[in-house]
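Text of protein03.txt, listed as compact mmCIF, C-alpha atoms and all ligand atoms:
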```txt
# COMPACT_ATOMS: atom_id res chain seq x y z
CA MET M 1 0.00 0.00 0.00
CA ALA M 2 1.16 3.54 -0.72
CA ASP M 3 2.62 5.63 2.08
CA LEU M 4 -0.15 7.48 3.91
CA ASP M 5 2.08 9.57 6.17
CA GLY M 6 0.87 12.74 4.50
CA LEU M 7 -2.46 12.19 6.18
CA ASP M 8 -0.95 12.53 9.64
CA ILE M 9 -0.13 16.23 9.37
CA LYS M 10 -0.97 18.03 12.60
CA LEU M 11 -2.69 21.31 11.93
CA ASN M 12 -3.13 22.74 15.46
CA ARG M 13 -5.99 24.79 14.21
CA PRO M 14 -7.86 26.85 16.83
CA GLU M 15 -11.58 26.20 17.22
CA LYS M 16 -13.88 28.49 15.28
CA LYS M 17 -16.09 29.99 17.97
CA LYS M 18 -18.19 32.38 15.90
CA ALA M 19 -20.48 31.73 13.00
CA PRO M 20 -18.99 33.19 9.84
CA LYS M 21 -20.61 36.35 8.55
CA GLY M 22 -21.98 35.82 5.10
CA TYR M 23 -21.24 32.91 2.86
CA GLU M 24 -17.64 32.51 1.92
CA PRO M 25 -17.26 29.26 0.05
CA LYS M 26 -14.05 27.45 0.84
CA THR M 27 -13.62 26.54 -2.75
CA LYS M 28 -11.09 28.71 -4.56
CA ALA M 29 -12.27 27.68 -8.01
CA PRO M 30 -14.56 30.21 -9.67
CA MET M 31 -18.11 28.93 -9.67
CA GLU M 32 -20.47 29.47 -12.56
CA TRP M 33 -23.65 31.42 -11.70
CA GLY M 34 -26.11 28.54 -11.78
CA MET M 35 -23.87 26.26 -9.73
CA LYS M 36 -23.32 28.95 -7.12
CA ASN M 37 -26.99 29.87 -7.00
CA ARG M 38 -27.99 26.22 -6.44
CA LEU M 39 -25.33 25.73 -3.77
CA SER M 40 -26.55 28.90 -2.04
CA ARG M 41 -30.01 27.39 -1.80
CA VAL M 42 -28.51 24.57 0.24
CA ILE M 43 -25.72 26.28 2.23
CA LYS M 44 -27.40 29.47 3.34
CA PRO M 45 -25.41 32.62 2.53
CA ALA M 46 -26.53 34.37 5.74
CA THR M 47 -24.64 31.96 7.99
CA GLY M 48 -22.58 29.81 5.63
CA ARG M 49 -24.34 26.79 7.09
CA THR M 50 -26.98 24.22 6.27
CA VAL M 51 -29.21 21.83 8.12
CA MET M 52 -30.03 19.14 5.59
CA LEU M 53 -32.60 16.51 6.44
CA ALA M 54 -31.50 13.07 5.16
CA VAL M 55 -34.39 10.72 4.37
CA ASP M 56 -32.78 8.62 1.61
CA HIS M 57 -32.33 5.51 3.77
CA GLY M 58 -34.87 3.54 1.76
CA TYR M 59 -32.52 3.26 -1.22
CA PHE M 60 -30.56 0.50 0.51
CA GLN M 61 -32.63 -0.52 3.51
CA GLY M 62 -36.23 -0.34 2.38
CA VAL M 63 -38.36 0.73 5.34
CA ALA M 64 -36.32 2.59 7.94
CA VAL M 65 -37.55 3.16 11.50
CA GLY M 66 -39.17 6.58 11.50
CA LEU M 67 -39.71 6.62 7.75
CA GLU M 68 -42.52 4.06 7.57
CA ASP M 69 -44.78 6.86 6.32
CA LEU M 70 -42.37 9.31 4.73
CA GLU M 71 -44.92 12.05 4.12
CA ASP M 72 -46.14 11.87 7.70
CA THR M 73 -42.58 12.15 9.00
CA LEU M 74 -41.70 15.02 6.71
CA LEU M 75 -44.67 17.32 7.21
CA PRO M 76 -43.66 18.70 10.64
CA LEU M 77 -39.96 18.81 9.70
CA LEU M 78 -39.86 20.47 6.29
CA PRO M 79 -40.49 24.00 7.62
CA TYR M 80 -37.22 23.79 9.57
CA ALA M 81 -34.96 22.01 7.07
CA ASP M 82 -32.69 24.04 4.78
CA ALA M 83 -32.62 21.20 2.27
CA LEU M 84 -34.00 17.70 1.88
CA MET M 85 -32.01 14.64 0.82
CA PRO M 86 -34.51 12.06 -0.49
CA THR M 87 -34.54 9.33 -3.11
CA ARG M 88 -36.33 10.20 -6.32
CA GLY M 89 -39.13 7.75 -5.48
CA GLY M 90 -39.54 9.26 -2.04
CA LEU M 91 -39.58 12.74 -3.53
CA ARG M 92 -42.14 11.98 -6.22
CA THR M 93 -44.51 10.07 -3.96
CA CYS M 94 -44.24 11.83 -0.61
CA VAL M 95 -43.17 15.45 -1.10
CA SER M 96 -45.56 17.96 -2.59
CA PRO M 97 -43.99 19.92 -5.46
CA ASP M 98 -45.55 22.98 -3.81
CA TRP M 99 -43.01 22.81 -1.00
CA ASP M 100 -40.30 25.34 -1.60
CA ILE M 101 -37.44 23.19 -0.36
CA PRO M 102 -34.10 22.65 -2.09
CA VAL M 103 -33.59 18.99 -2.93
CA VAL M 104 -30.23 17.22 -2.76
CA LEU M 105 -31.20 14.09 -4.63
CA ARG M 106 -29.72 10.67 -3.81
CA ALA M 107 -28.43 9.63 -7.22
CA SER M 108 -26.31 6.56 -6.52
CA GLY M 109 -27.40 3.12 -5.37
CA GLY M 110 -27.87 -0.40 -6.64
CA ASN M 111 -27.49 -2.50 -3.52
CA SER M 112 -29.18 -3.29 -0.21
CA LEU M 113 -28.31 -4.24 3.34
CA LEU M 114 -28.44 -7.83 2.10
CA GLY M 115 -25.60 -7.32 -0.39
CA GLU M 116 -22.23 -5.59 -0.62
CA LEU M 117 -23.19 -1.99 0.05
CA SER M 118 -20.20 -0.56 -1.76
CA ASP M 119 -21.38 -2.17 -4.98
CA GLU M 120 -23.08 1.02 -6.13
CA ASP M 121 -23.31 2.94 -9.35
CA LEU M 122 -25.20 5.97 -10.59
CA SER M 123 -28.90 5.33 -10.16
CA VAL M 124 -30.43 8.55 -11.52
CA SER M 125 -29.70 10.24 -14.83
CA ILE M 126 -28.83 13.90 -14.91
CA GLU M 127 -31.92 14.46 -17.08
CA ASP M 128 -34.20 13.09 -14.38
CA ALA M 129 -32.41 15.12 -11.72
CA ILE M 130 -33.02 18.26 -13.81
CA ARG M 131 -36.65 17.23 -14.36
CA LEU M 132 -37.02 17.07 -10.57
CA ASN M 133 -35.55 20.56 -10.27
CA VAL M 134 -32.86 19.49 -7.83
CA ALA M 135 -30.48 21.88 -6.10
CA ALA M 136 -27.77 19.20 -6.01
CA VAL M 137 -27.20 15.47 -6.41
CA ALA M 138 -25.63 13.11 -3.83
CA ILE M 139 -23.30 10.27 -4.79
CA SER M 140 -21.69 7.81 -2.37
CA ILE M 141 -18.04 6.83 -2.59
CA TYR M 142 -16.54 3.86 -0.75
CA VAL M 143 -12.84 4.42 -0.15
CA GLY M 144 -10.87 1.34 0.86
CA ALA M 145 -13.91 -0.86 0.22
CA PRO M 146 -14.35 -3.59 -2.41
CA ASN M 147 -15.89 -1.22 -4.98
CA GLN M 148 -13.70 1.81 -4.40
CA HIS M 149 -12.72 2.03 -8.07
CA LYS M 150 -16.27 1.82 -9.38
CA THR M 151 -17.72 4.35 -6.94
CA LEU M 152 -14.92 6.87 -7.49
CA LEU M 153 -15.45 6.67 -11.23
CA ALA M 154 -19.22 7.01 -10.74
CA LEU M 155 -18.62 10.20 -8.76
CA SER M 156 -16.34 11.49 -11.53
CA ARG M 157 -18.93 10.67 -14.16
CA MET M 158 -21.65 12.50 -12.28
CA VAL M 159 -19.36 15.51 -11.78
CA ASP M 160 -18.87 15.60 -15.57
CA GLU M 161 -22.58 15.42 -16.25
CA ALA M 162 -23.81 17.68 -13.44
CA THR M 163 -21.22 20.38 -14.14
CA ARG M 164 -22.57 20.66 -17.67
CA TYR M 165 -25.85 21.91 -16.16
CA GLY M 166 -24.49 23.83 -13.16
CA ILE M 167 -25.65 21.26 -10.63
CA PRO M 168 -23.54 20.79 -7.48
CA VAL M 169 -22.49 17.27 -6.48
CA LEU M 170 -22.42 16.16 -2.86
CA ALA M 171 -20.00 13.26 -2.28
CA VAL M 172 -21.16 11.03 0.57
CA THR M 173 -18.04 9.38 2.00
CA ALA M 174 -17.84 5.87 3.35
CA VAL M 175 -14.62 4.04 4.15
CA GLY M 176 -13.86 0.31 4.23
CA LYS M 177 -15.24 -1.51 7.29
CA ASP M 178 -11.81 -2.36 8.69
CA LEU M 179 -10.51 1.18 8.43
CA GLY M 180 -12.72 2.67 11.14
CA LYS M 181 -14.12 6.17 11.15
CA GLY M 182 -11.04 8.13 12.18
CA ALA M 183 -9.64 11.35 10.75
CA LYS M 184 -6.99 9.58 8.70
CA TYR M 185 -9.33 7.79 6.33
CA LEU M 186 -12.25 10.21 6.49
CA SER M 187 -9.81 12.93 5.53
CA MET M 188 -8.46 10.79 2.72
CA ALA M 189 -11.96 10.03 1.41
CA SER M 190 -13.08 13.66 1.66
CA ARG M 191 -10.01 14.94 -0.11
CA ILE M 192 -10.32 12.34 -2.87
CA ALA M 193 -13.95 13.41 -3.36
CA ALA M 194 -12.92 17.06 -3.66
CA GLU M 195 -10.06 16.21 -6.02
CA LEU M 196 -12.47 14.32 -8.25
CA GLY M 197 -14.63 17.43 -8.44
CA ALA M 198 -17.29 17.13 -5.72
CA THR M 199 -18.78 20.52 -4.89
CA PHE M 200 -19.27 19.62 -1.23
CA VAL M 201 -18.67 16.57 0.91
CA LYS M 202 -20.60 14.68 3.58
CA THR M 203 -18.52 12.87 6.17
CA TYR M 204 -18.64 11.71 9.77
CA TYR M 205 -17.53 13.59 12.82
CA CYS M 206 -14.37 12.17 14.36
CA GLU M 207 -11.56 13.10 16.68
CA GLY M 208 -9.41 15.51 14.68
CA PHE M 209 -12.39 16.60 12.56
CA GLU M 210 -10.71 19.97 12.04
CA ARG M 211 -7.98 18.11 10.14
CA VAL M 212 -10.58 16.61 7.87
CA VAL M 213 -12.09 20.04 7.22
CA ASP M 214 -8.78 21.79 6.74
CA SER M 215 -7.43 19.25 4.30
CA CYS M 216 -10.56 19.40 2.13
CA PRO M 217 -10.82 22.36 -0.26
CA VAL M 218 -14.63 22.27 -0.48
CA PRO M 219 -17.27 22.65 2.26
CA ILE M 220 -17.94 19.64 4.49
CA VAL M 221 -21.28 18.78 6.07
CA MET M 222 -21.37 16.38 8.98
CA ALA M 223 -23.15 13.05 8.54
CA GLY M 224 -25.51 12.14 11.36
CA GLY M 225 -25.19 8.40 11.84
CA LYS M 226 -27.06 6.03 14.15
CA ARG M 227 -29.46 7.49 16.65
CA ILE M 228 -27.80 8.64 19.87
CA PRO M 229 -29.44 10.45 22.81
CA GLU M 230 -30.52 13.99 21.93
CA PRO M 231 -27.96 15.73 24.23
CA GLU M 232 -25.15 13.82 22.50
CA ALA M 233 -26.47 14.56 19.01
CA LEU M 234 -26.60 18.27 19.83
CA GLU M 235 -23.08 18.14 21.22
CA LEU M 236 -21.88 16.35 18.10
CA THR M 237 -23.48 19.04 15.95
CA HIS M 238 -21.85 21.78 17.99
CA ASN M 239 -18.45 20.09 17.82
CA ALA M 240 -18.66 19.76 14.05
CA ILE M 241 -19.78 23.35 13.55
CA THR M 242 -17.09 24.81 15.82
CA ARG M 243 -14.49 22.73 14.01
CA GLY M 244 -15.41 24.12 10.64
CA ALA M 245 -18.34 22.12 9.23
CA ALA M 246 -20.64 23.99 6.86
CA GLY M 247 -23.56 22.31 8.59
CA VAL M 248 -25.06 18.88 8.96
CA ASP M 249 -26.88 16.33 6.83
CA MET M 250 -28.78 14.45 9.51
CA GLY M 251 -31.44 11.77 9.36
CA ARG M 252 -32.01 9.34 12.22
CA ASN M 253 -30.90 11.73 14.94
CA ILE M 254 -33.72 13.98 13.84
CA PHE M 255 -36.57 11.79 12.65
CA GLN M 256 -36.02 9.08 15.32
CA ALA M 257 -35.71 11.65 18.16
CA ASP M 258 -38.41 11.66 20.83
CA ASP M 259 -39.67 14.90 19.33
CA PRO M 260 -38.32 15.20 15.75
CA ALA M 261 -39.62 18.70 15.09
CA ALA M 262 -38.20 20.04 18.34
CA MET M 263 -34.91 18.32 17.50
CA ILE M 264 -34.54 19.81 14.04
CA GLN M 265 -35.19 23.27 15.46
CA ALA M 266 -32.52 22.74 18.12
CA VAL M 267 -30.01 21.41 15.57
CA SER M 268 -30.76 24.39 13.35
CA ALA M 269 -30.19 26.80 16.25
CA VAL M 270 -26.75 25.25 16.82
CA GLY M 271 -25.94 25.41 13.12
CA HIS M 272 -27.20 28.88 12.32
CA GLU M 273 -27.28 30.74 15.64
CA GLY M 274 -24.28 29.21 17.38
CA LEU M 275 -26.21 27.89 20.40
CA SER M 276 -24.12 25.84 22.81
CA PRO M 277 -25.13 22.21 23.37
CA LYS M 278 -26.60 23.21 26.75
CA GLN M 279 -28.66 26.05 25.28
CA ALA M 280 -29.80 23.83 22.41
CA LEU M 281 -30.86 21.06 24.80
CA LYS M 282 -32.84 23.58 26.84
CA MET M 283 -34.52 24.76 23.66
CA TYR M 284 -35.29 21.15 22.68
CA GLU M 285 -36.75 20.31 26.11
CA GLU M 286 -38.86 23.47 26.17
CA LEU M 287 -40.26 22.93 22.69
CA LYS M 288 -40.98 19.32 23.53
CA ALA M 289 -42.68 20.17 26.81
CA ALA M 290 -44.77 22.90 25.24
CA GLY M 291 -45.81 20.58 22.45
CA LYS M 292 -44.43 23.18 20.04
CA GLY M 293 -42.16 20.77 18.31
CA GLY M 294 -45.09 19.98 16.09
CA LYS M 295 -44.91 16.27 16.90
C1 LIG W 1 -25.58 7.70 4.10
O1 LIG W 1 -24.69 7.16 3.52
C2 LIG W 1 -26.92 7.67 3.48
O2 LIG W 1 -27.07 8.72 2.61
C3 LIG W 1 -28.02 7.53 4.48
O3 LIG W 1 -29.12 6.95 3.87
C4 LIG W 1 -28.45 8.72 5.24
O4 LIG W 1 -28.25 9.91 4.60
C5 LIG W 1 -27.80 8.68 6.57
O5 LIG W 1 -28.36 9.60 7.45
P1 LIG W 1 -28.24 9.37 9.01
O6 LIG W 1 -27.04 8.51 9.25
O7 LIG W 1 -28.07 10.74 9.58
O8 LIG W 1 -29.48 8.70 9.47
```
Reformat the file's structure so that it appears as structure tokens.
Ligand code: R5P
Amino acid sequence: MADLDGLDIKLNRPEKKKAPKGYEPKTKAPMEWGMKNRLSRVIKPATGRTVMLAVDHGYFQGVAVGLEDLEDTLLPLLPYADALMPTRGGLRTCVSPDWDIPVVLRASGGNSLLGELSDEDLSVSIEDAIRLNVAAVAISIYVGAPNQHKTLLALSRMVDEATRYGIPVLAVTAVGKDLGKGAKYLSMASRIAAELGATFVKTYYCEGFERVVDSCPVPIVMAGGKRIPEPEALELTHNAITRGAAGVDMGRNIFQADDPAAMIQAVSAVGHEGLSPKQALKMYEELKAAGKGGK
């Protein structure tokens, strides 16, 4: 295997305490108007952050807990989400086209929990993505996994096609099972995604997350992951934001929370208003108690 020492650079970067004023994309490459406009619908210019609601789980697991009735789950949450990440089937059948919500469409797939998950390819054509008026498309890559080669080329192919129409591409990073979810490989996967042309990247929070952010030349949104208690999920969000994330793309920790609508509001307050985990938990508990979460 090639030498990976370059991934161990220590950056000693101080924590970012304040929300950035205005949207300053990390990317140095000039962005064409349509691409920038679409990305601005997802990552809000006022704060430079996004709270994306991920509900694409069905593409590989069928019915997910909390998404048994997708429309029912979404109705109380959509008013608080900056963008929605659904499958095209979920979008067409369960989201009214009247909702003014930017869509980051899941556009890779081809396997299930019963198979080799990394065995994915593009699953939506750019024409259909345009037909659905998406703000961006999301493609998974599996670095260090059996189908690394295929998924990296699929990402590259989608970047070629989407760039032609000014559509941003979100690379969703996964790393091989044995590699763990540490900064070394998440950083490697995120950087590879950016080098292949991804407009922004979704990856997990980890110790040394600031290294992952700093070594990636495009914005990073934090992936949610398995449900954890609400106080921990809010802390995780805060940690990611203060270490440079451009927001979150969260599913189960929102829609499986005791009060999903209260949770998305609390996550959003951390992302956009810089609430501390303690303040956000208080907000969550108050909304929940008052029944204002909209549950
Ligand atoms: C991640 O690879 C997939 O896109 C998931 O279906 C989903 O987005 C994960 O969301 P969460 O882990 O926050 O439930």
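Those protein and nucleic acid residues that have any atom within 8 Å of ligand LIG 1 (chain W) are, using all atoms listed in the file, Leu53, Ala54, Val55, Asp56, His57, Gly58, Tyr59, Phe60, Met85, Arg106, Ala138, Ser140, Val172, Thr173, Ala174, Ala223, Gly224, Gly225, Lys226, Arg227, Asp249, Met250, Gly251, Arg252, Asn253 and Ile254 of chain M.
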Find the residues near M:Leu70: any atom within 12 Å, counting only C-alpha atoms, skip ones fewer than 6 places away on the same chain, and give them as a PyMOL selection string. chain M and resi 54-58+62-64+76-78+86-87+89-96+255
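Among M:Leu153, M:Asp69, M:Leu132, M:Val175, the residue with the shortest atom-to-atom distance to M:Pro97, counting all atoms listed in the file, is M:Leu132.
Computed from the coordinates, the atom CA of M:Ile228 to atom CA of M:Ala269 distance equals 18.7 Å.
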For M:Leu114: contacts at 9 Å, only C-alpha atoms, fewer than 3 positions along chain excluded, given as a list in words: Phe60, Gln61, Asn111 and Leu117 of chain M
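Taking atom CA of M:Gln279 and atom CA of M:Val267 as endpoints, the distance between them is 10.8 Å.
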Do you know which residues lie at most 12 Å from (-26.0, 18.8, 31.0), with coordinates as in the file and all atoms listed in the file counted, and could you write them as a PyMOL selection string? chain M and resi 230-232+234-235+276-282+285
